[in-house]
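Okay, final19.txt is below, compact mmCIF, C-alpha atoms:
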# COMPACT_ATOMS: atom_id res chain seq x y z
CA MET A 21 222.08 139.91 109.05
CA THR A 22 224.84 141.87 110.81
CA THR A 23 225.59 141.60 114.50
CA THR A 24 224.05 145.03 115.04
CA SER A 25 220.83 144.18 113.27
CA ARG A 26 220.60 140.86 115.16
CA TRP A 27 220.87 142.75 118.43
CA ARG A 28 218.27 145.20 117.21
CA GLY A 29 216.02 142.30 116.37
CA ARG A 30 216.58 140.69 119.75
CA ALA A 31 215.98 143.99 121.53
CA ALA A 32 212.77 144.53 119.60
CA ALA A 33 211.58 141.01 120.45
CA ALA A 34 212.48 141.52 124.09
CA ALA A 35 210.66 144.84 124.13
CA ALA A 36 207.62 143.25 122.55
CA ALA A 37 207.69 140.44 125.11
CA SER A 38 208.02 142.96 127.92
CA ALA A 39 205.13 144.93 126.54
CA LEU A 40 203.04 141.78 126.41
CA ALA A 41 204.03 140.94 129.95
CA LEU A 42 202.94 144.37 131.08
CA VAL A 43 199.52 144.18 129.46
CA PRO A 44 197.23 143.38 132.36
CA VAL A 45 195.00 140.37 132.07
CA ALA A 46 191.50 141.70 131.52
CA ALA A 47 189.69 141.56 134.82
CA HIS A 48 186.26 140.04 134.90
CA ALA A 49 183.86 142.95 135.10
CA ALA A 50 181.48 142.64 137.99
CA THR A 51 177.87 142.15 137.03
CA ILE A 52 175.90 144.57 139.13
CA VAL A 53 172.15 144.39 139.57
CA THR A 54 170.46 147.30 141.30
CA ILE A 55 167.49 146.42 143.47
CA SER A 56 165.52 148.96 145.46
CA TYR A 57 163.21 148.15 148.36
CA ASP A 58 160.76 149.85 150.63
CA ALA A 59 162.20 149.94 154.12
CA SER A 60 160.93 151.02 157.50
CA GLY A 61 161.54 150.08 161.08
CA THR A 62 162.52 151.22 164.51
CA SER A 63 165.59 151.53 166.62
CA HIS A 64 165.46 151.13 170.37
CA ILE A 65 167.98 153.25 172.25
CA ALA A 66 168.89 151.27 175.31
CA LYS A 67 170.18 153.99 177.58
CA THR A 68 167.18 156.29 177.12
CA ASN A 69 164.75 153.37 176.78
CA SER A 70 163.19 155.11 173.81
CA ASP A 71 162.34 154.25 170.25
CA VAL A 72 163.28 156.06 167.08
CA ALA A 73 161.36 155.51 163.88
CA LEU A 74 163.47 154.55 160.87
CA GLY A 75 161.87 155.49 157.57
CA PRO A 76 159.80 154.81 155.65
CA THR A 77 162.53 155.09 153.09
CA THR A 78 164.08 153.38 150.11
CA LEU A 79 166.89 150.88 150.48
CA THR A 80 168.96 150.74 147.31
CA THR A 81 171.43 147.94 146.77
CA ASN A 82 173.94 147.44 144.00
CA LEU A 83 174.47 143.70 144.09
CA ASP A 84 177.40 141.93 142.48
CA ILE A 85 175.54 138.84 141.34
CA ASP A 86 178.77 136.88 140.94
CA THR A 87 179.82 137.23 144.56
CA GLY A 88 176.82 138.40 146.56
CA ASP A 89 178.66 141.51 147.74
CA PHE A 90 176.68 144.73 147.60
CA THR A 91 176.93 148.40 148.31
CA GLY A 92 174.00 150.71 148.69
CA SER A 93 172.28 153.38 150.64
CA LEU A 94 169.57 153.62 153.23
CA PRO A 95 168.83 157.32 153.68
CA LEU A 96 166.78 157.83 156.79
CA PRO A 97 164.41 160.77 157.08
CA GLY A 98 164.61 162.93 160.15
CA THR A 99 162.65 161.76 163.11
CA SER A 100 162.25 162.56 166.78
CA THR A 101 162.52 160.81 170.08
CA GLU A 102 161.23 161.35 173.59
CA PHE A 103 162.52 159.97 176.83
CA LYS A 104 162.80 160.82 180.48
CA ALA A 105 166.14 162.00 181.81
CA ALA A 106 166.92 160.81 185.31
CA GLY A 107 163.65 158.94 185.12
CA PHE A 108 161.38 161.95 185.32
CA LEU A 109 162.55 164.89 183.19
CA PRO A 110 160.89 164.70 179.77
CA VAL A 111 163.36 165.26 176.97
CA LYS A 112 162.42 165.61 173.34
CA ALA A 113 164.84 165.86 170.42
CA ASP A 114 164.93 165.73 166.68
CA VAL A 115 167.15 162.96 165.39
CA ASP A 116 168.85 162.74 162.03
CA PHE A 117 170.85 159.83 160.71
CA VAL A 118 173.36 161.31 158.30
CA GLU A 119 174.89 158.69 156.03
CA ALA A 120 178.63 158.64 156.61
CA ALA A 121 179.55 155.84 154.23
CA PRO A 122 177.82 153.61 151.72
CA LEU A 123 175.93 150.66 153.04
CA VAL A 124 178.06 147.56 152.48
CA GLY A 125 177.13 143.94 152.82
CA ARG A 126 176.81 140.50 151.39
CA ILE A 127 174.03 138.13 150.47
CA ASN A 128 175.09 134.58 151.12
CA LEU A 129 173.13 131.72 149.60
CA THR A 130 173.00 128.67 151.83
CA GLN A 131 171.48 125.40 150.69
CA THR A 132 167.98 126.69 151.32
CA GLN A 133 168.16 130.38 152.23
CA ALA A 134 169.55 133.74 151.26
CA GLN A 135 171.10 135.40 154.29
CA VAL A 136 172.05 139.04 154.52
CA ALA A 137 174.81 140.67 156.52
CA SER A 138 175.43 144.38 156.10
CA THR A 139 176.65 147.49 157.85
CA ALA A 140 175.12 150.92 157.63
CA THR A 141 177.14 153.89 158.88
CA TYR A 142 175.67 157.16 160.08
CA TYR A 143 176.46 160.20 162.11
CA VAL A 144 173.66 160.54 164.61
CA LYS A 145 172.68 164.19 164.81
CA LEU A 146 170.51 165.72 167.52
CA SER A 147 168.75 169.07 167.35
CA ASN A 148 165.83 171.00 168.77
CA ILE A 149 166.35 169.47 172.19
CA LYS A 150 163.66 170.39 174.68
CA ILE A 151 163.85 169.57 178.35
CA VAL A 152 160.58 169.76 180.23
CA GLY A 153 159.25 171.53 177.16
CA PHE A 154 161.86 174.27 177.24
CA PRO A 155 164.12 174.68 174.24
CA THR A 156 167.83 174.41 174.89
CA PHE A 157 170.65 175.74 172.82
CA THR A 158 172.21 172.83 171.07
CA GLY A 159 173.28 174.31 167.77
CA SER A 160 173.15 172.72 164.38
CA SER A 161 176.30 170.61 164.64
CA CYS A 162 175.48 168.33 167.52
CA ARG A 163 176.36 164.86 166.37
CA THR A 164 178.39 161.81 167.24
CA LYS A 165 182.13 162.36 167.08
CA VAL A 166 182.57 159.30 164.89
CA PRO A 167 180.07 157.56 162.67
CA VAL A 168 177.89 154.93 164.25
CA SER A 169 178.23 151.54 162.55
CA ILE A 170 174.97 149.63 162.54
CA PRO A 171 175.29 145.99 161.52
CA VAL A 172 172.01 144.64 160.21
CA GLY A 173 171.23 141.25 158.82
CA THR A 174 168.76 138.45 158.66
CA LYS A 175 167.94 136.64 161.86
CA PRO A 176 169.64 133.26 162.34
CA ASN A 177 167.86 130.62 160.27
CA GLU A 178 165.65 133.21 158.60
CA GLY A 179 165.96 133.82 154.91
CA PHE A 180 165.75 136.94 152.79
CA ASP A 181 163.72 137.05 149.60
CA LEU A 182 165.47 139.05 146.92
CA ILE A 183 162.16 140.49 145.75
CA ASN A 184 159.82 140.21 148.71
CA GLY A 185 162.49 141.25 151.19
CA GLY A 186 162.49 140.26 154.82
CA GLU A 187 163.35 141.41 158.32
CA LEU A 188 166.77 142.79 159.10
CA VAL A 189 167.92 143.20 162.68
CA GLY A 190 171.01 144.29 164.49
CA THR A 191 172.57 145.64 167.64
CA TYR A 192 174.86 148.64 167.79
CA SER A 193 176.58 151.15 170.02
CA ILE A 194 176.36 154.94 170.00
CA GLY A 195 179.51 156.85 170.82
CA GLN A 196 180.14 160.26 172.28
CA PHE A 197 178.56 163.43 170.89
CA GLU A 198 180.27 166.74 170.23
CA ASN A 199 179.38 170.31 169.31
CA CYS A 200 176.18 170.27 171.32
CA GLY A 201 176.88 173.49 173.18
CA ALA A 202 176.07 173.50 176.86
CA ASN A 203 174.16 170.26 176.38
CA THR A 204 177.15 168.21 175.29
CA TRP A 205 177.84 166.84 178.75
CA LEU A 206 174.16 166.11 179.32
CA ILE A 207 173.72 164.32 176.00
CA ASN A 208 176.85 162.29 176.56
CA ALA A 209 175.55 161.33 179.95
CA LEU A 210 172.18 160.29 178.60
CA VAL A 211 172.57 158.76 175.12
CA PRO A 212 175.85 156.97 174.29
CA GLY A 213 176.09 153.30 175.05
CA GLY A 214 175.69 149.82 173.68
CA GLY A 215 172.80 147.43 173.37
CA ASN A 216 170.80 149.57 170.99
CA THR A 217 168.73 147.53 168.58
CA VAL A 218 167.45 148.06 165.09
CA ASP A 219 164.65 146.21 163.33
CA ILE A 220 163.90 147.01 159.70
CA GLN A 221 161.30 145.49 157.41
CA VAL A 222 162.38 145.42 153.78
CA SER A 223 159.83 144.74 151.07
CA ASN A 224 158.72 145.30 147.48
CA GLY A 225 162.03 144.80 145.74
CA ILE A 226 162.25 146.31 142.28
CA VAL A 227 165.01 145.23 139.94
CA HIS A 228 166.33 148.12 137.88
CA GLU A 229 167.49 146.90 134.49
CA MET O 20 210.64 109.74 126.86
CA LYS O 21 209.43 113.08 125.53
CA ILE O 22 207.31 111.35 122.94
CA LYS O 23 205.85 109.08 125.60
CA ASN O 24 205.04 112.04 127.84
CA ALA O 25 203.47 113.86 124.95
CA ALA O 26 201.31 110.83 124.24
CA ILE O 27 200.22 110.70 127.85
CA ALA O 28 199.47 114.40 127.78
CA THR O 29 197.47 113.97 124.57
CA ALA O 30 195.53 111.11 126.10
CA GLY O 31 194.91 113.24 129.17
CA LEU O 32 193.58 116.05 127.04
CA ALA O 33 191.36 113.64 125.18
CA LEU O 34 189.98 112.34 128.46
CA ALA O 35 189.50 115.89 129.67
CA GLY O 36 187.61 116.58 126.47
CA VAL O 37 185.34 113.66 127.16
CA ALA O 38 184.85 114.85 130.69
CA VAL O 39 183.58 118.24 129.61
CA ALA O 40 181.56 116.94 126.68
CA GLY O 41 178.48 116.61 128.84
CA PRO O 42 176.08 113.83 129.66
CA ALA O 43 176.25 110.50 127.91
CA LEU O 44 174.50 110.15 124.60
CA ALA O 45 170.81 109.35 124.70
CA THR O 46 170.11 105.72 125.23
CA GLY O 47 166.93 103.76 125.19
CA SER O 48 165.70 100.39 124.07
CA SER O 49 163.09 99.92 121.39
CA TYR O 50 159.64 98.70 122.29
CA THR O 51 156.33 97.92 120.72
CA VAL O 52 154.02 100.57 122.02
CA ALA O 53 150.26 100.29 121.97
CA VAL O 54 147.93 103.13 122.83
CA GLY O 55 144.34 102.25 123.56
CA GLY O 56 145.11 98.69 122.52
CA SER O 57 146.42 99.59 119.08
CA SER O 58 150.05 99.37 118.10
CA ALA O 59 149.45 100.84 114.69
CA ALA O 60 152.10 103.39 113.85
CA GLY O 61 151.04 106.86 114.88
CA THR O 62 151.21 109.56 117.48
CA HIS O 63 148.76 110.27 120.28
CA ASN O 64 148.43 113.50 122.18
CA ILE O 65 149.10 113.48 125.88
CA THR O 66 148.99 115.97 128.71
CA ALA O 67 150.19 115.61 132.27
CA THR O 68 149.98 117.28 135.64
CA SER O 69 152.28 116.87 138.56
CA SER O 70 151.11 115.18 141.71
CA GLY O 71 152.73 117.12 144.53
CA PRO O 72 155.73 119.40 144.45
CA LEU O 73 158.78 118.94 142.29
CA GLY O 74 162.33 119.25 143.46
CA PHE O 75 165.52 120.15 141.78
CA ALA O 76 168.90 120.83 143.25
CA VAL O 77 172.56 121.31 142.69
CA PRO O 78 174.96 120.27 145.44
CA THR O 79 174.99 123.80 146.87
CA LEU O 80 171.34 124.83 146.50
CA THR O 81 167.95 123.22 146.88
CA MET O 82 165.10 124.48 144.74
CA GLY O 83 161.60 123.35 143.94
CA CYS O 84 158.28 124.05 142.28
CA THR O 85 154.81 123.64 143.67
CA SER O 86 153.46 122.12 140.46
CA ALA O 87 154.08 121.48 136.80
CA ALA O 88 152.03 120.52 133.81
CA VAL O 89 152.49 119.27 130.29
CA PRO O 90 149.97 121.45 128.45
CA ALA O 91 147.79 120.59 125.48
CA SER O 92 149.68 123.13 123.41
CA PRO O 93 152.29 122.77 122.14
CA VAL O 94 151.27 119.19 121.57
CA SER O 95 153.17 116.45 123.34
CA THR O 96 152.76 112.94 122.03
CA VAL O 97 153.22 109.25 122.60
CA ALA O 98 154.34 107.21 119.63
CA SER O 99 152.66 103.89 118.92
CA GLY O 100 154.06 101.19 116.70
CA THR O 101 156.95 98.78 116.66
CA ALA O 102 160.63 99.47 117.32
CA ILE O 103 159.79 102.67 119.15
CA THR O 104 162.65 104.36 121.03
CA ASP O 105 161.26 107.83 121.63
CA ILE O 106 158.16 106.60 123.42
CA ALA O 107 156.99 110.09 124.29
CA SER O 108 157.96 113.55 123.12
CA ILE O 109 157.29 116.16 125.75
CA ASN O 110 157.45 119.53 124.07
CA LYS O 111 156.66 121.80 126.98
CA ILE O 112 156.38 121.67 130.74
CA ASN O 113 154.97 124.66 132.58
CA PHE O 114 156.55 124.88 136.02
CA THR O 115 154.80 127.07 138.56
CA GLY O 116 155.62 128.24 142.06
CA CYS O 117 159.32 127.68 141.66
CA THR O 118 161.56 128.97 144.42
CA GLY O 119 165.11 128.68 145.61
CA PRO O 120 167.24 130.42 148.20
CA GLY O 121 166.46 134.09 147.71
CA GLY O 122 162.99 133.65 146.29
CA ALA O 123 161.15 132.99 143.07
CA LEU O 124 162.65 131.34 140.04
CA THR O 125 161.34 130.77 136.56
CA VAL O 126 161.95 127.40 134.96
CA THR O 127 161.54 127.20 131.20
CA THR O 128 161.84 124.00 129.24
CA VAL O 129 163.61 124.06 125.90
CA GLY O 130 163.08 121.70 122.98
CA SER O 131 161.53 118.28 123.02
CA TRP O 132 162.19 116.04 125.98
CA LYS O 133 162.10 112.36 125.09
CA LEU O 134 160.83 109.52 127.23
CA HIS O 135 163.06 106.50 126.78
CA ALA O 136 162.56 103.14 128.41
CA THR O 137 165.31 100.73 129.33
CA GLY O 138 163.62 98.26 131.64
CA ALA O 139 161.70 95.07 131.13
CA ALA O 140 158.18 95.36 129.76
CA THR O 141 155.55 92.75 129.04
CA SER O 142 152.30 92.75 127.17
CA ALA O 143 150.53 93.28 130.47
CA ALA O 144 149.30 96.82 130.98
CA THR O 145 150.58 96.99 134.53
CA ASP O 146 154.32 97.15 134.07
CA VAL O 147 156.43 99.69 135.89
CA ILE O 148 159.06 100.35 133.28
CA ALA O 149 162.40 101.88 134.14
CA GLY O 150 163.82 104.49 131.85
CA HIS O 151 164.69 108.10 131.68
CA VAL O 152 163.57 111.43 130.39
CA ASP O 153 166.19 112.33 127.83
CA SER O 154 167.20 115.46 125.95
CA ILE O 155 166.34 117.62 128.92
CA THR O 156 167.14 121.30 128.60
CA ALA O 157 165.73 123.74 131.12
CA ASN O 158 166.63 127.33 131.82
CA VAL O 159 166.40 128.47 135.41
CA ALA O 160 166.43 132.19 136.15
CA ASN O 161 165.69 135.03 138.49
CA ALA O 162 167.03 138.54 138.82
CA VAL O 163 170.41 137.48 140.13
CA CYS O 164 170.89 133.98 138.79
CA LYS O 165 170.59 132.19 135.47
CA PHE O 166 171.70 128.75 134.47
CA THR O 167 170.83 125.88 132.17
CA VAL O 168 170.35 122.25 133.09
CA THR O 169 170.84 119.63 130.38
CA GLY O 170 170.95 115.88 130.25
CA LYS O 171 168.65 113.11 131.33
CA ALA O 172 166.74 112.11 134.44
CA ASN O 173 166.07 108.56 135.56
CA GLY O 174 162.54 107.51 136.29
CA THR O 175 159.80 104.98 135.80
CA TYR O 176 156.48 104.85 134.03
CA ASN O 177 153.65 102.89 135.63
CA GLU O 178 151.41 101.68 132.85
CA GLY O 179 148.56 100.87 135.20
CA THR O 180 148.47 104.11 137.18
CA LYS O 181 149.72 106.23 134.27
CA VAL O 182 152.26 107.89 136.55
CA LEU O 183 155.60 109.07 135.24
CA ASN O 184 157.89 109.25 138.22
CA VAL O 185 161.08 111.20 137.63
CA SER O 186 163.73 110.45 140.22
CA GLU O 187 167.12 111.76 139.25
CA THR O 188 168.91 111.88 142.60
CA GLY O 189 172.39 111.51 144.01
CA PHE O 190 173.97 114.04 141.67
CA THR O 191 174.95 111.26 139.28
CA GLY O 192 176.01 113.61 136.53
CA ASN O 193 173.12 112.68 134.26
CA LEU O 194 172.04 116.30 134.56
CA LYS O 195 174.63 119.03 134.32
CA VAL O 196 174.62 122.77 134.90
CA SER O 197 175.96 125.20 132.30
CA ASN O 198 175.68 128.83 131.19
CA VAL O 199 175.78 130.11 134.75
CA VAL O 200 175.34 133.86 135.15
CA GLY O 201 175.54 135.31 138.63
CA CYS O 202 173.93 133.10 141.28
CA LEU O 203 176.09 134.81 143.92
CA GLY O 204 178.80 132.26 143.31
CA GLN O 205 176.71 129.36 144.52
CA VAL O 206 175.95 127.66 141.21
CA GLN O 207 178.87 126.52 139.11
CA ASN O 208 179.20 125.35 135.54
CA GLY O 209 179.62 121.60 135.46
CA GLN O 210 177.77 120.90 138.67
CA SER O 211 175.50 117.87 138.67
CA ALA O 212 171.81 118.40 139.27
CA ASN O 213 168.92 116.43 140.70
CA PHE O 214 165.33 116.48 139.51
CA THR O 215 162.38 114.73 141.11
CA GLY O 216 158.66 114.79 140.50
CA SER O 217 155.68 112.69 139.57
CA PHE O 218 153.31 113.33 136.69
CA ASN O 219 149.86 111.92 136.10
CA VAL O 220 149.78 111.32 132.39
CA VAL O 221 146.52 111.82 130.52
CA SER O 222 146.23 109.87 127.28
CA PRO O 223 142.84 110.49 125.66
CA ASP O 224 143.43 107.67 123.17
CA GLY O 225 143.80 105.14 125.96
CA LEU O 226 146.31 103.29 128.07
CA ILE O 227 149.93 103.37 127.01
CA ASN O 228 151.38 99.88 126.95
CA ALA O 229 154.96 99.13 126.00
CA SER O 230 156.21 95.61 125.46

What would you get if you wrote out this structure as structure tokens?
Amino acid sequence: MTTTSRWRGRAAAAAAASALALVPVAAHAATIVTISYDASGTSHIAKTNSDVALGPTTLTTNLDIDTGDFTGSLPLPGTSTEFKAAGFLPVKADVDFVEAAPLVGRINLTQTQAQVASTATYYVKLSNIKIVGFPTFTGSSCRTKVPVSIPVGTKPNEGFDLINGGELVGTYSIGQFENCGANTWLINALVPGGGNTVDIQVSNGIVHE
Amino acid sequence: MKIKNAAIATAGLALAGVAVAGPALATGSSYTVAVGGSSAAGTHNITATSSGPLGFAVPTLTMGCTSAAVPASPVSTVASGTAITDIASINKINFTGCTGPGGALTVTTVGSWKLHATGAATSAATDVIAGHVDSITANVANAVCKFTVTGKANGTYNEGTKVLNVSETGFTGNLKVSNVVGCLGQVQNGQSANFTGSFNVVSPDGLINAS
């Protein structure tokens, strides 16, 4: 073998080694199990002291069974709410929760229970606002400036059944609204604030093979 | 020095191999077993039902079943005769009402579980004989978790009350977990497992007496 061919051989070996080094180690593919549930509940808006129905709807989760992490969706049908502004003026509005990001969360197995922690993210949209029965011009783009993050999970020391479901609760804040026309200031005076609660019953889990 | 280190490394690998080889080989003493007063060589059908709930666990999760039964079919048997090691062959246990964190589980037995005795036994039909259920294989599963438990479980058999009491506790390593799929990261291959439960054994041919 000549010096040139030895160098060629060494270069080829080095290149092969480099190529091997660059081949990524095959990542363990996540094992995802999709489970859908019936879901319905209510949310209490603290500042207006009113309730908003949530659902009935379908909660869909894509669960990584190796880690317990999941993503999913909880589309909420439009609903309405009524409350009294300034304690005496009846206000009625249609409410839509527009999903702003996938539901994310984790199921953690303790020694004896499965516990859920998750966050749902929506724009809260208001329309068809009536004050003392009179329609007001709100437009079709009246919604929170930023998505509202709603953390929901199992109550402390209460478990979640992967098939039979369970109760998920949480507390969240609603931020400022925008694009509500002349009502923007009024809505921002009446609705945004913390201490809002959510209580959702999840049941009838179906595993999708 | 290199050779010495290599030898140590080889010995270490050998030990590691032993460590992952699983539970110890089946052990059991041989007994003369009479059924219904006869120690003639033969087999005798048995069934069993649990008395109370059954528990099983790995160090990270506690699970259990409301009941279990050894059915009439497939047939499970007790062997009579002399120099008997496999005193009973339990070919199926139906577990019902099994749950763990997250809800229902199915528990399916695999193969023939063997009842081995190791303790003292006399001709009296009232001995409580120590031993173990050997050759255990059970598959545990639900939608998000599957694993297999293999090995043996310590217990006793009370000849007088006909109660087989399985009491494999303390995560001794007699039972080991394998073939884990999912389980949200909370069940690991190689974990030790516990198994407890009592069974009322029904022997239509009569009392089972080992000596």

Please find the residues of chain A near chain O - the criterion being any atom within 6 Å, counting all atoms listed in the file - and write them as a PyMOL selection string.
chain A and resi 85-88+131-134+180-182

The distance between CA of Thr54 in chain A and CA of Val218 in chain A is 24.0 Å

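Between Val166 in chain A and the candidates A:Asn184, A:Thr141, A:Thr91, A:Asn82, the tightest atom-to-atom separation, counting all atoms listed in the file, involves A:Thr141.
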
Counting all atoms listed in the file, which residues of range 148-202 of chain A sit at most 10 Å from some atom of range 103-123 of chain A, and what is each one's closest atom pair with its distance in Å to one decimal, listed by chain and rising residue number, as CSV?
residue,atom,partner,partner_atom,distance
A:Asn148,CA,A:Ala113,CA,5.5
A:Ile149,CA,A:Ala113,CA,4.3
A:Lys150,CA,A:Lys112,CA,5.1
A:Ile151,CA,A:Val111,CA,4.6
A:Val152,CA,A:Pro110,CA,5.1
A:Gly153,CA,A:Pro110,CA,7.5
A:Phe154,CA,A:Val111,CA,9.1
A:Pro155,CA,A:Lys112,CA,9.3
A:Arg163,CA,A:Asp116,CA,8.9
A:Val166,CA,A:Ala120,CA,9.2
A:Pro167,CA,A:Ala120,CA,6.3
A:Val168,CA,A:Ala120,CA,8.5
A:Ser169,CA,A:Ala120,CA,9.3
A:Ile170,CA,A:Leu123,CA,9.6
A:Pro171,CA,A:Leu123,CA,9.7

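In this structure, CA of Asn208 in chain O sits 9.7 Å away from CA of Val168 in chain O.
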
Which residues are near range 89-98 of chain O? Cut-off 6 Å, all atoms listed in the file, ignore same chain within fewer than 6 positions. Put them as JSON, numbers by chain.
{"O": [61, 62, 63, 64, 65, 66, 67, 106, 107, 108, 109, 110, 111, 112]}

Using Å and a single decimal, report how far CA of His228 in chain A sits from CA of Leu94 in chain A.
16.6 Å

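Taking only C-alpha atoms into account, the polymer residues that have an atom no farther than 8 Å from (170.7, 112.1, 132.6) are Pro42, Ala43, His151, Val152, Asp153, Ile155, Thr169, Gly170, Lys171, Ala172, Asn173, Glu187, Thr191, Gly192, Asn193 and Leu194 of chain O.
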
Write out as a PDB file with C-alpha atoms, in the coordinates of the input which residues come within 12 Å of Thr137 in chain O when counting only C-alpha atoms, dropping same-chain ones fewer than 3 positions away.
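File selection-v3.pdb, as written:
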ATOM      1  CA  ALA O  45     170.810 109.350 124.700  1.00  0.00           C
ATOM      2  CA  THR O  46     170.110 105.720 125.230  1.00  0.00           C
ATOM      3  CA  GLY O  47     166.930 103.760 125.190  1.00  0.00           C
ATOM      4  CA  SER O  48     165.700 100.390 124.070  1.00  0.00           C
ATOM      5  CA  SER O  49     163.090  99.920 121.390  1.00  0.00           C
ATOM      6  CA  TYR O  50     159.640  98.700 122.290  1.00  0.00           C
ATOM      7  CA  ILE O 103     159.790 102.670 119.150  1.00  0.00           C
ATOM      8  CA  THR O 104     162.650 104.360 121.030  1.00  0.00           C
ATOM      9  CA  ASP O 105     161.260 107.830 121.630  1.00  0.00           C
ATOM     10  CA  ILE O 106     158.160 106.600 123.420  1.00  0.00           C
ATOM     11  CA  LEU O 134     160.830 109.520 127.230  1.00  0.00           C
ATOM     12  CA  ALA O 140     158.180  95.360 129.760  1.00  0.00           C
ATOM     13  CA  VAL O 147     156.430  99.690 135.890  1.00  0.00           C
ATOM     14  CA  ILE O 148     159.060 100.350 133.280  1.00  0.00           C
ATOM     15  CA  ALA O 149     162.400 101.880 134.140  1.00  0.00           C
ATOM     16  CA  GLY O 150     163.820 104.490 131.850  1.00  0.00           C
ATOM     17  CA  HIS O 151     164.690 108.100 131.680  1.00  0.00           C
ATOM     18  CA  VAL O 152     163.570 111.430 130.390  1.00  0.00           C
ATOM     19  CA  ASP O 153     166.190 112.330 127.830  1.00  0.00           C
ATOM     20  CA  ASN O 173     166.070 108.560 135.560  1.00  0.00           C
ATOM     21  CA  GLY O 174     162.540 107.510 136.290  1.00  0.00           C
ATOM     22  CA  THR O 175     159.800 104.980 135.800  1.00  0.00           C
ATOM     23  CA  TYR O 176     156.480 104.850 134.030  1.00  0.00           C
ATOM     24  CA  ALA O 229     154.960  99.130 126.000  1.00  0.00           C
ATOM     25  CA  SER O 230     156.210  95.610 125.460  1.00  0.00           C
TER      26      SER O 230
END

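Minimum atom-to-atom distance to Thr125 in chain O, evaluated using only C-alpha atoms, belongs to O:Ala160 out of O:Ala102, O:Ala144, O:Ala160, O:Val185.
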